[in-house]
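First up is the structure itself, then whatever we jot down about it.
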Amino acid sequence: MTEQNPSPTTPAPTRGTRAVPDKVSLDGIETRWDAAWTEQNLYGFDRTKSRDEIYSIDTPPPTVSGSLHVGHVFSYTHTDVVARFQRMRGREVFYPMGWDDNGLPTERRVQNYYGVRCDPSLPYVDGFEPPHEGTDGKVIKAADQVPISRRNFVELCERLTVEDERQFEALWRHLGLSVDWSTTYQTISAESRAVAQQAFLRNLARGEAYQAEAPGLWDVTFQTAVAQAELEARDYPGAFHRVAFHGAGGPVHIETTRPELLAACVALIAHPDDERYQHLFGTTVTTPLYGVEVPVLSHPAAEPDKGAGIAMCCTFGDLTDVQWWRELQLPTRSVIGRDGRVLRDTPDWIASDQGRARYEEIAGKTTFSAREAVVAGLRETGDLEGEPQATQRKANFYEKGDKPLEIVTSRQWYITNGGRDAQLRDALLARGAELDFHPEFMQVRYENWVGGLNGDWLISRQRFFGVPFPVWYRLDEAGEPDHDHPLLPSEDLLPVDPASDVPAGYTADQRDVPGGFTADPDIMDTWATSSLTPQIVGGWRTDPDLFARVFPMDLRPQGQDIIRTWLFSTVVRSHLEHGELPWSDAAISGWILDPDRKKMSKSKGNVVTPMALLEEHGSDAVRYWAASARLGTDAAFEIGQMKIGRRLAIKILNASKFALSFGTAELDPALVTNPLDRAMLAGLADVVEKATAALEGYDHTRALELSETFFWTFCDDYLELVKDRAYAGGDGEVSAGTQSARAALGIALDTLLRLFAPVLPFATEEVWSWWREGSVHRAPWPDAAPLRAAAADADPGVVGAAGAALAALRKVKSEAKVSMRTEIASVRLAVPDALRAGVEIALDDVRAAGRVTGSLDLADHDGEGAVAHDAELVVPA
RNA sequence: GGGCCUGUAGCUCAGCUGGUCAGAGCGCCGCGCUUACACCGCGGAGGUCGCCGGUUCGAAACCGGCCGGGCCCACCA
């Protein structure tokens with residue numbers, strides 16, 4: 001593609017392929033230009049460019065199993081504005097688009113859509129066809145789901161998401177995202193899986209990934225471990241139960257909200273300085289119902305003013321229990337299983353027949369039923385004092401779950417993230433400080449999160465659909481796995497599925513037999529893959545040449561809610577693998593609030609579908625609304641703002657049509673000789689300078705506001721002032737004044753189109769096509785210098801002064817309730833000193849625009865603006 | 001309990017490092033079919049800048065406190 005370099009210093013050599021239309025319209029503009037841009041491959045990425053010529057964007061991949069909503073349109077527009085600006089600044093923009101089809105939402109959707117369930121132990125079935133296809137909103141019970149292999153499941157996922165991706169792409173195209181659509185990626189693709197596995201193997205080799213068997217937060221619904229970043233504290237109704245333990249010197253009362261854990265009690269714990277319990281430290285008490293003897297211990301984490309001041313420590317009721325268990329070397333007595341129910345087998349630490357009978361009462365029950373049974377038992381034995389006191393407590397939930405998390409002991413994979421290593425934490429905090437957040441205060445959220453980490457990053461999940469750990473274990477003669485010496489594939493074999501692939505040196509028939517091998521059963525959490533988007537899109541594994549050209553990337557755009565997850569985890573992976581930041585800048589978009597000032601969400605059902613919104617108001621209009629909101633600031637969903645955007649787009653079409661109607665627009669700055677014209681260009685030069693600085697600082701709102709304000713004054717005042725002069729005289733003679741006006745109009749229009757192009761790509765491209773070559777989106781960003789040269793040091797205030805004079809003349813007509821076309825026979829115009837010179841300079845244009853046919857005298861004025869006195873109007877009979 | 005953001009005309013928001021900052025658009029009222037635009041143009045009315053103190057010659061802007069809105073983290077006995 002050959003590019004023109006149309007700037008005011010290079011006269012426009014050729015006319016566009018299309019003429020200026022008689023009637024302008026925005027109808028169908030999106031479809032038309034999307035097709036043209038695709039045909040021209042306008043946004044195609046040129047990978048021959050070097051790193052310093054490239055601007056690379058680490059686009060957030062939307063979840064394909066959800067639906068896009070206006071919030072997506074909002075934030076993706078912000079990114080596109082940046083992309084378009086950088087492209088016009090001459091950078092080759094690397095702007096891929098991804099689809100997130102790895103994770104629970106997709107897993108659940110595939111299950112329901114096809115009536116299947118992933119079971120990695122099953123072999124791959126060639127040509128598998130699911131039992132049914134399509135969902136009518138019904139949830140298919142697990143028992144009715146056909147179990148299939150992981151590979152078959154992934155294939156169905158890809159089949160299902162193809163349609164979602166097609167629709168998502170159609171929306172993004174309609175919105176005008178300048179993505180190179182040949183560079184899309186999926187987070188469950190073979191390449192993504194390979195990248196995730198390779199990065200993991202590297203982490204493992206360097207000692208940054210490890211596995212450990214430890215108590216951790218567990219979701220009983222999904223039956224998987226969950227990470228700190230996925231927690232959500234929610235209010236949860238509970239009740240304090242005052243329960244008596246039996247000591248030598250009488251009962252010891254504790255208060256608990258979880259009496260069902262009584263069988264898991266390993267100690268009572270109070271603060272070492274607590275006067276009330278000094279005499280009990282070192283003694284033992286027995287638990288009610290079960291008669292288990294437990295010690296009374298002291299630990300500083302016990303808080304005297306909480307509950308009874310002495311706590312029942314169970315394995316495990318909460319994270320404090322875990323701390324006590326670890327620091328006081330307490331035994332492990334778990335009673336809650338991975339399904340959230342009380343373990344069926346009566347534990348051996350309950351020795352008495354009575355105690356064992358009591359346990360039978362709760363065995364196999366849910367925590368809820370078990371609690372009722374335990375409370376009933378305590379009432380019977382008289383060990384419940386008083387009635388339970390209802391309370392609201394906060395409980396940790398998995399963000400996608402609806403039951404409180406339990407703590408269970410399990411073997412899990414972790415990646416170091418500074419949560420247990422001060423040195424690494426400091427290094428990651430330093431990375432956060434090195435990253436340019438927009439807006440800046442978002443960095444605080446990063447710091448708060450990293451500073452508050454209480455453990456390493458748990459990356460394993462006990463699910464079936466996702467990226468499997470590329471790990472096998474040797475089985476000893478007893479069939480027990482050797483976790484300490486995992487069998488690993490070489491990087492060139494990735495991706496592997498250990499459930500169907502066989503480690504080197506083994507044969508398939510050795511799977512799961514003593515002396516053979518077994519696969520690691522877990523998959524990686526979805527963030528373990530999406531933390532590698534720069535590596536996935538940049539070709540880290542397979543295309544080092546490309547990777548060197550785009551990494552470290554320039555921009556990570558994303559929402560504020562996933563700073564602790566996506567942003568942080570990406571920084572962690574990049575820091576560990578590459579020893580540097582994955583990108584230099586992070587642009588954080590805010591929320592969309594509905595009119596109630598609440599975050600708009602899918603569940604509220606009041607969300608307009610994005611495509612309908614774009615079709616009703618036009619993409620430029622919706623983009624204008626999005627671009628009117630600053631980064632990091634929540635914005636109202638406001639139709640009114642879209643209407644203003646639409647009006648602006650139409651105004652651009654109309655004003656352009658008008659400005660181009662005076663004949664060939666010569667862009668020769670030498671022709672601009674009139675002082676008013678020069679003043680206008682001086683003002684435009686200021687706008688260009690400030691708007692450029694604003695966009696460089698990721699402040700698209702300011703840039704838009706500057707351009708927009710200038711443009712409306714340009715239309716309402718400047719255009720009105722010069723239109724008479726811009727018409728050729730009656731004899732067809734083109735005076736210097738006419739030439740000056742036409743050249744100034746052409747230069748201004750050319751500049752304004754480019755200023756608006758990032759926000760209003762369709763309307764600006766439309767106008768550009770009327771008279772310029774190529775695309776405005778590959779035209780260079782405007783430069784203030786040639787405008788300044790053309791303005792020849794003119795005072796931009798002249799436009800304002802002339803505008804004030806014109807307004808005064810309009811006011812006379814407005815108050816007289818006559819048409820603006822009405823002539824003024826004579827008038828005295830009072831202007832303050834500050835404006836006088838400007839008005840005088842543009843006096844001829846003011847007279848023409850105000851239709852002053854007779855005398856126009858200037859007088860002094862103390863106030864602001866200009867005021868017309870003693871006007872004689874020529875009102876037609 | 002800790003932290004971040006936020007409170008300016010009816011609405012949505014500008015007001016950057018204290019001195020034409022009391023603004024814009026929408027809405028509202030009135031007028032006008034003017035050879036770019038009626039998906040328009042012109043004119044007008046509207047606010048003691050959440051509240052109370054303080055710093056200053058001067059504060060919407062800086063400091064302290066309070067009140068209101070949003071969000072994050074901690075609190076699970």
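Every chain in the structure tokens takes a letter, A first, then B, and so on in the order presented; its residues are numbered from 1, and the ligands are numbered from 1 following the presented order.
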
Legend entry - Contact set, chain A to chain B: 6 Å, only C-alpha atoms (C1' of nucleotides), as a VMD selection string: chain A and resid 255 to 256 307 311 394 to 395 654 to 655 658 811 814 817 819 to 821

Filtering to all heavy atoms, could you give me those residues as a tab-separated table (two decimals), in the first residue's frame?
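again_34.tsv, freshly written:
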```
chain	number	residue	atom	x	y	z
A	255	GLU	N	-17.21	-20.18	72.35
A	255	GLU	CA	-18.30	-19.82	71.43
A	255	GLU	C	-17.86	-20.15	70.02
A	255	GLU	O	-16.73	-19.87	69.64
A	255	GLU	CB	-18.64	-18.34	71.55
A	255	GLU	CG	-19.40	-18.05	72.83
A	255	GLU	CD	-19.92	-16.63	72.92
A	255	GLU	OE1	-20.01	-15.98	71.86
A	255	GLU	OE2	-20.22	-16.20	74.04
A	256	THR	N	-18.77	-20.75	69.29
A	256	THR	CA	-18.41	-21.13	67.92
A	256	THR	C	-19.59	-20.92	66.99
A	256	THR	O	-20.75	-21.03	67.39
A	256	THR	CB	-17.95	-22.60	67.85
A	256	THR	OG1	-17.65	-22.92	66.49
A	256	THR	CG2	-19.04	-23.55	68.35
A	307	GLY	N	-15.65	-13.57	70.93
A	307	GLY	CA	-16.38	-14.70	71.50
A	307	GLY	C	-16.12	-14.79	72.99
A	307	GLY	O	-16.19	-13.79	73.70
A	311	ALA	N	-10.81	-20.04	72.06
A	311	ALA	CA	-11.34	-20.56	70.81
A	311	ALA	C	-11.16	-22.07	70.71
A	311	ALA	O	-10.22	-22.64	71.25
A	311	ALA	CB	-10.64	-19.89	69.63
A	394	LYS	N	-18.71	-12.90	57.97
A	394	LYS	CA	-18.16	-12.90	56.63
A	394	LYS	C	-17.54	-14.26	56.39
A	394	LYS	O	-16.84	-14.78	57.24
A	394	LYS	CB	-17.07	-11.83	56.50
A	394	LYS	CG	-17.60	-10.42	56.50
A	394	LYS	CD	-18.06	-10.03	55.12
A	394	LYS	CE	-18.36	-8.53	55.09
A	394	LYS	NZ	-18.91	-8.12	53.81
A	395	ALA	N	-17.80	-14.82	55.26
A	395	ALA	CA	-17.17	-16.09	54.93
A	395	ALA	C	-16.52	-15.97	53.57
A	395	ALA	O	-16.96	-15.18	52.72
A	395	ALA	CB	-18.20	-17.21	54.93
A	654	ASN	N	-21.46	17.12	7.31
A	654	ASN	CA	-22.06	18.31	6.71
A	654	ASN	C	-21.08	19.47	6.57
A	654	ASN	O	-21.03	20.13	5.53
A	654	ASN	CB	-23.27	18.75	7.54
A	654	ASN	CG	-24.52	17.98	7.15
A	654	ASN	OD1	-24.82	17.81	5.97
A	654	ASN	ND2	-25.24	17.49	8.14
A	655	ALA	N	-20.34	19.72	7.63
A	655	ALA	CA	-19.38	20.83	7.58
A	655	ALA	C	-18.33	20.56	6.51
A	655	ALA	O	-17.89	21.47	5.80
A	655	ALA	CB	-18.73	21.02	8.95
A	658	PHE	N	-19.71	21.17	3.11
A	658	PHE	CA	-19.78	22.62	2.87
A	658	PHE	C	-18.40	23.19	2.55
A	658	PHE	O	-18.22	23.91	1.56
A	658	PHE	CB	-20.37	23.28	4.11
A	658	PHE	CG	-20.57	24.76	3.98
A	658	PHE	CD1	-21.28	25.28	2.89
A	658	PHE	CD2	-20.07	25.63	4.92
A	658	PHE	CE1	-21.48	26.64	2.77
A	658	PHE	CE2	-20.27	27.00	4.80
A	658	PHE	CZ	-20.98	27.50	3.72
A	811	LYS	N	-27.73	38.41	18.42
A	811	LYS	CA	-28.63	38.64	19.55
A	811	LYS	C	-29.66	39.71	19.23
A	811	LYS	O	-30.83	39.60	19.63
A	811	LYS	CB	-27.80	39.03	20.79
A	811	LYS	CG	-28.62	39.07	22.06
A	811	LYS	CD	-27.73	39.18	23.28
A	811	LYS	CE	-28.58	39.22	24.55
A	811	LYS	NZ	-27.75	39.25	25.76
A	814	SER	N	-32.17	37.96	17.26
A	814	SER	CA	-32.90	36.98	18.06
A	814	SER	C	-33.93	37.68	18.94
A	814	SER	O	-35.07	37.24	19.06
A	814	SER	CB	-31.90	36.20	18.90
A	814	SER	OG	-32.50	35.08	19.48
A	817	LYS	N	-36.80	38.84	17.26
A	817	LYS	CA	-37.56	37.70	16.73
A	817	LYS	C	-37.63	37.73	15.20
A	817	LYS	O	-38.71	37.56	14.62
A	817	LYS	CB	-38.96	37.66	17.34
A	817	LYS	CG	-38.98	37.55	18.86
A	817	LYS	CD	-40.40	37.39	19.37
A	817	LYS	CE	-40.53	37.65	20.86
A	817	LYS	NZ	-39.91	36.63	21.72
A	819	SER	N	-35.50	36.62	11.46
A	819	SER	CA	-34.58	35.66	10.88
A	819	SER	C	-33.15	36.17	10.91
A	819	SER	O	-32.90	37.37	10.82
A	819	SER	CB	-35.00	35.37	9.45
A	819	SER	OG	-33.91	34.82	8.73
A	820	MET	N	-32.20	35.27	10.97
A	820	MET	CA	-30.79	35.64	10.97
A	820	MET	C	-30.38	36.23	9.62
A	820	MET	O	-29.33	36.84	9.48
A	820	MET	CB	-29.93	34.41	11.27
A	820	MET	CG	-29.99	33.97	12.72
A	820	MET	SD	-29.39	35.22	13.89
A	820	MET	CE	-30.57	35.01	15.20
A	821	ARG	N	-31.24	36.01	8.66
A	821	ARG	CA	-30.94	36.52	7.32
A	821	ARG	C	-31.21	38.02	7.22
A	821	ARG	O	-30.78	38.70	6.32
A	821	ARG	CB	-31.81	35.76	6.32
A	821	ARG	CG	-31.40	35.88	4.89
A	821	ARG	CD	-32.33	35.06	4.03
A	821	ARG	NE	-33.73	35.18	4.46
A	821	ARG	CZ	-34.74	34.55	3.88
A	821	ARG	NH1	-34.52	33.75	2.86
A	821	ARG	NH2	-35.97	34.71	4.31
```

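Of the residues in segment 553-773 of chain A, those given strand (DSSP E or B) by DSSP on the backbone are Met553, Asp554, Leu555, Arg556, Pro557, Gln558, Gly559, Trp583, Ser584, Asp585, Ala586, Ala587, Ile588, Ser589, Ile592, Leu593, Lys599, Ala635 and Ala636 of chain A.
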
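Residues in contact with segment 139-142 of chain A at 7 Å, where only C-alpha atoms (C1' of nucleotides) are counted and same-chain residues fewer than 2 positions away are skipped, are listed as Asn112, Gly115, Gly137, Asp144 and Gln145 of chain A.
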
Limited to N, CA and C atoms, could you put the picked residues into a file as a PDB file, in the first residue's frame?
```
ATOM      1  N   ASN A 112     -23.584 -28.483  29.075  1.00  0.00           N
ATOM      2  CA  ASN A 112     -25.014 -28.318  28.866  1.00  0.00           C
ATOM      3  C   ASN A 112     -25.410 -28.359  27.408  1.00  0.00           C
ATOM      4  N   GLY A 115     -24.427 -32.103  26.359  1.00  0.00           N
ATOM      5  CA  GLY A 115     -24.778 -33.227  27.228  1.00  0.00           C
ATOM      6  C   GLY A 115     -23.619 -34.176  27.477  1.00  0.00           C
ATOM      7  N   GLY A 137     -32.009 -23.941  27.405  1.00  0.00           N
ATOM      8  CA  GLY A 137     -32.030 -23.313  28.713  1.00  0.00           C
ATOM      9  C   GLY A 137     -32.039 -24.316  29.857  1.00  0.00           C
ATOM     10  N   ASP A 144     -26.821 -37.561  33.619  1.00  0.00           N
ATOM     11  CA  ASP A 144     -27.238 -37.769  32.234  1.00  0.00           C
ATOM     12  C   ASP A 144     -26.172 -37.347  31.227  1.00  0.00           C
ATOM     13  N   GLN A 145     -25.043 -36.847  31.722  1.00  0.00           N
ATOM     14  CA  GLN A 145     -24.006 -36.389  30.802  1.00  0.00           C
ATOM     15  C   GLN A 145     -23.135 -37.569  30.383  1.00  0.00           C
TER      16      GLN A 145
END
```

Legend entry - DSSP alpha helix (DSSP H) residues within segment 290-481 of chain A, listed as a ChimeraX atom specification: /A:319-327,353-362,367-381,422-434,442-451

Legend entry - Long-range neighbours of segment 519-523 of chain A as a PyMOL selection string, 10 Å cut-off, only C-alpha atoms (C1' of nucleotides), 5 positions minimum in chain: chain A and resi 120-121+224+412-413+459-474+481+483+486-487+497-503+511-512+528

Selection above as a file: N, CA and C atoms, as an mmCIF file, in the first residue's frame:
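What landed in again.cif:
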```cif
data_model
loop_
_atom_site.group_PDB
_atom_site.id
_atom_site.type_symbol
_atom_site.label_atom_id
_atom_site.label_comp_id
_atom_site.auth_asym_id
_atom_site.auth_seq_id
_atom_site.Cartn_x
_atom_site.Cartn_y
_atom_site.Cartn_z
ATOM 1 N N PRO A 120 -10.925 -37.393 31.889
ATOM 2 C CA PRO A 120 -9.597 -37.568 31.262
ATOM 3 C C PRO A 120 -9.128 -39.012 31.241
ATOM 4 N N SER A 121 -9.750 -39.867 32.035
ATOM 5 C CA SER A 121 -9.272 -41.240 32.051
ATOM 6 C C SER A 121 -9.747 -42.011 30.820
ATOM 7 N N THR A 224 -12.778 -28.302 43.939
ATOM 8 C CA THR A 224 -11.435 -27.911 43.516
ATOM 9 C C THR A 224 -10.862 -26.930 44.522
ATOM 10 N N GLN A 412 -1.100 -29.825 45.913
ATOM 11 C CA GLN A 412 -1.366 -28.804 44.894
ATOM 12 C C GLN A 412 -0.061 -28.258 44.337
ATOM 13 N N TRP A 413 -0.202 -27.675 43.144
ATOM 14 C CA TRP A 413 0.949 -27.004 42.531
ATOM 15 C C TRP A 413 0.890 -25.503 42.828
ATOM 16 N N ILE A 459 -1.896 -22.840 41.495
ATOM 17 C CA ILE A 459 -2.283 -22.885 40.079
ATOM 18 C C ILE A 459 -3.012 -24.165 39.676
ATOM 19 N N SER A 460 -3.044 -25.163 40.543
ATOM 20 C CA SER A 460 -3.699 -26.418 40.136
ATOM 21 C C SER A 460 -5.171 -26.404 40.505
ATOM 22 N N ARG A 461 -5.939 -27.059 39.663
ATOM 23 C CA ARG A 461 -7.377 -27.163 39.905
ATOM 24 C C ARG A 461 -7.780 -28.604 39.678
ATOM 25 N N GLN A 462 -8.718 -29.066 40.464
ATOM 26 C CA GLN A 462 -9.148 -30.453 40.339
ATOM 27 C C GLN A 462 -10.342 -30.509 39.387
ATOM 28 N N ARG A 463 -10.114 -29.941 38.206
ATOM 29 C CA ARG A 463 -11.137 -29.974 37.171
ATOM 30 C C ARG A 463 -10.612 -30.832 36.028
ATOM 31 N N PHE A 464 -11.377 -30.893 34.953
ATOM 32 C CA PHE A 464 -11.004 -31.820 33.876
ATOM 33 C C PHE A 464 -10.740 -31.117 32.559
ATOM 34 N N PHE A 465 -11.388 -29.972 32.397
ATOM 35 C CA PHE A 465 -11.232 -29.236 31.151
ATOM 36 C C PHE A 465 -10.266 -28.081 31.380
ATOM 37 N N GLY A 466 -9.210 -28.055 30.622
ATOM 38 C CA GLY A 466 -8.224 -26.996 30.795
ATOM 39 C C GLY A 466 -6.879 -27.534 30.349
ATOM 40 N N VAL A 467 -5.837 -26.785 30.701
ATOM 41 C CA VAL A 467 -4.489 -27.207 30.324
ATOM 42 C C VAL A 467 -3.974 -28.158 31.400
ATOM 43 N N PRO A 468 -3.720 -29.431 31.037
ATOM 44 C CA PRO A 468 -3.232 -30.370 32.047
ATOM 45 C C PRO A 468 -1.780 -30.091 32.410
ATOM 46 N N PHE A 469 -1.408 -30.466 33.608
ATOM 47 C CA PHE A 469 0.004 -30.365 33.983
ATOM 48 C C PHE A 469 0.782 -31.403 33.178
ATOM 49 N N PRO A 470 1.854 -31.014 32.559
ATOM 50 C CA PRO A 470 2.617 -31.945 31.709
ATOM 51 C C PRO A 470 3.529 -32.816 32.573
ATOM 52 N N VAL A 471 2.915 -33.584 33.425
ATOM 53 C CA VAL A 471 3.680 -34.287 34.451
ATOM 54 C C VAL A 471 3.126 -35.713 34.642
ATOM 55 N N TRP A 472 4.058 -36.653 34.764
ATOM 56 C CA TRP A 472 3.686 -38.028 35.175
ATOM 57 C C TRP A 472 4.520 -38.374 36.404
ATOM 58 N N TYR A 473 4.085 -39.441 37.108
ATOM 59 C CA TYR A 473 4.855 -39.916 38.265
ATOM 60 C C TYR A 473 5.125 -41.399 38.100
ATOM 61 N N ARG A 474 6.290 -41.780 38.529
ATOM 62 C CA ARG A 474 6.599 -43.222 38.594
ATOM 63 C C ARG A 474 5.751 -43.843 39.695
ATOM 64 N N PRO A 481 2.557 -43.297 43.888
ATOM 65 C CA PRO A 481 3.303 -42.372 43.024
ATOM 66 C C PRO A 481 4.474 -41.720 43.752
ATOM 67 N N HIS A 483 6.018 -38.533 43.999
ATOM 68 C CA HIS A 483 5.797 -37.133 43.647
ATOM 69 C C HIS A 483 7.081 -36.312 43.595
ATOM 70 N N PRO A 486 9.111 -36.134 39.412
ATOM 71 C CA PRO A 486 8.150 -36.202 38.303
ATOM 72 C C PRO A 486 8.820 -36.483 36.968
ATOM 73 N N LEU A 487 8.072 -37.137 36.115
ATOM 74 C CA LEU A 487 8.532 -37.401 34.754
ATOM 75 C C LEU A 487 8.006 -36.282 33.871
ATOM 76 N N ASP A 497 -0.971 -34.305 26.757
ATOM 77 C CA ASP A 497 -2.013 -34.604 27.724
ATOM 78 C C ASP A 497 -1.566 -35.866 28.447
ATOM 79 N N PRO A 498 -1.092 -35.738 29.649
ATOM 80 C CA PRO A 498 -0.526 -36.892 30.337
ATOM 81 C C PRO A 498 -1.544 -38.005 30.541
ATOM 82 N N ALA A 499 -2.822 -37.666 30.436
ATOM 83 C CA ALA A 499 -3.839 -38.700 30.600
ATOM 84 C C ALA A 499 -3.907 -39.616 29.388
ATOM 85 N N SER A 500 -3.418 -39.163 28.245
ATOM 86 C CA SER A 500 -3.428 -40.047 27.085
ATOM 87 C C SER A 500 -2.029 -40.245 26.506
ATOM 88 N N ASP A 501 -1.149 -39.260 26.676
ATOM 89 C CA ASP A 501 0.226 -39.425 26.203
ATOM 90 C C ASP A 501 1.036 -40.185 27.263
ATOM 91 N N VAL A 502 2.130 -40.742 26.790
ATOM 92 C CA VAL A 502 2.939 -41.623 27.638
ATOM 93 C C VAL A 502 4.327 -41.010 27.819
ATOM 94 N N PRO A 503 4.848 -41.021 29.038
ATOM 95 C CA PRO A 503 6.181 -40.423 29.237
ATOM 96 C C PRO A 503 7.268 -41.245 28.546
ATOM 97 N N ARG A 511 0.553 -47.752 32.205
ATOM 98 C CA ARG A 511 -0.189 -46.697 32.894
ATOM 99 C C ARG A 511 -0.951 -47.277 34.091
ATOM 100 N N ASP A 512 -0.768 -46.616 35.219
ATOM 101 C CA ASP A 512 -1.510 -46.945 36.433
ATOM 102 C C ASP A 512 -1.328 -48.394 36.898
ATOM 103 N N ALA A 528 -3.401 -19.298 34.960
ATOM 104 C CA ALA A 528 -2.047 -19.786 34.682
ATOM 105 C C ALA A 528 -1.770 -19.754 33.178
#
```

Inset, instruction - Tell me which protein, DNA and RNA residues are within 9 Å of Arg173 of chain A, counting only C-alpha atoms (C1' of nucleotides), leaving out same-chain ones fewer than 5 positions away, and put them as a PyMOL selection string. - result: chain A and resi 30-31+34+168+178-179

Inset, instruction - Rounded to one decimal place, report the atom CA of Ala871 of chain A-atom CA of Glu840 of chain A distance in Å. - result: 18.5 Å

Inset, instruction - Find the residues around Leu262 of chain A up to 10 Å (only C-alpha atoms (C1' of nucleotides) counted), leave out those fewer than 2 positions away in its own chain, and share them as a PyMOL selection string. - result: chain A and resi 243+256+258-260+264-266+287-290+292+312-315+317+335+371+374

Inset, instruction - Give the answer as one residue: which of A:His861, A:His438, A:Arg32, A:Arg91 has the shortest atom-to-atom distance to Arg778 of chain A, using only C-alpha atoms? - result: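 Counting only C-alpha atoms, the residue closest to Arg778 of chain A is A:Arg91.
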
Could you pull the residues within 12 Å of segment 64-67 of chain B, counting only C-alpha atoms (C1' of nucleotides), minus those fewer than 5 positions along the same chain, as a JSON list (two decimals) with C-alpha atoms (C1' of nucleotides), in the first residue's frame?
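Output file out12.json follows:
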```json
[["chain", "number", "residue", "atom", "x", "y", "z"],
["B", 7, "G", "C1'", -19.51, 14.46, 45.84],
["B", 50, "G", "C1'", -21.58, 18.11, 50.09],
["B", 51, "C", "C1'", -20.95, 20.42, 55.32],
["B", 52, "C", "C1'", -17.64, 22.73, 59.19],
["B", 53, "G", "C1'", -13.07, 24.67, 60.42],
["B", 54, "G", "C1'", -7.97, 26.14, 58.89],
["B", 55, "U", "C1'", -3.69, 27.97, 55.62]]
```

Legend entry - Atom pair atom CA of Glu815 of chain A / atom CA of Val831 of chain A: separation (Å): 19.1 Å

Inset, instruction - May I ask for the distance between atom CA of Leu68 of chain A and atom CA of Glu169 of chain A, given in Å to one decimal place? - result: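 Atom-to-atom, atom CA of Leu68 of chain A and atom CA of Glu169 of chain A are spaced 10.8 Å apart.
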
Legend entry - Nearest to Ala308 of chain A, chosen from A:Pro147, A:Glu638, A:Lys813, A:Val252, with only C-alpha atoms counted in the distances: A:Val252
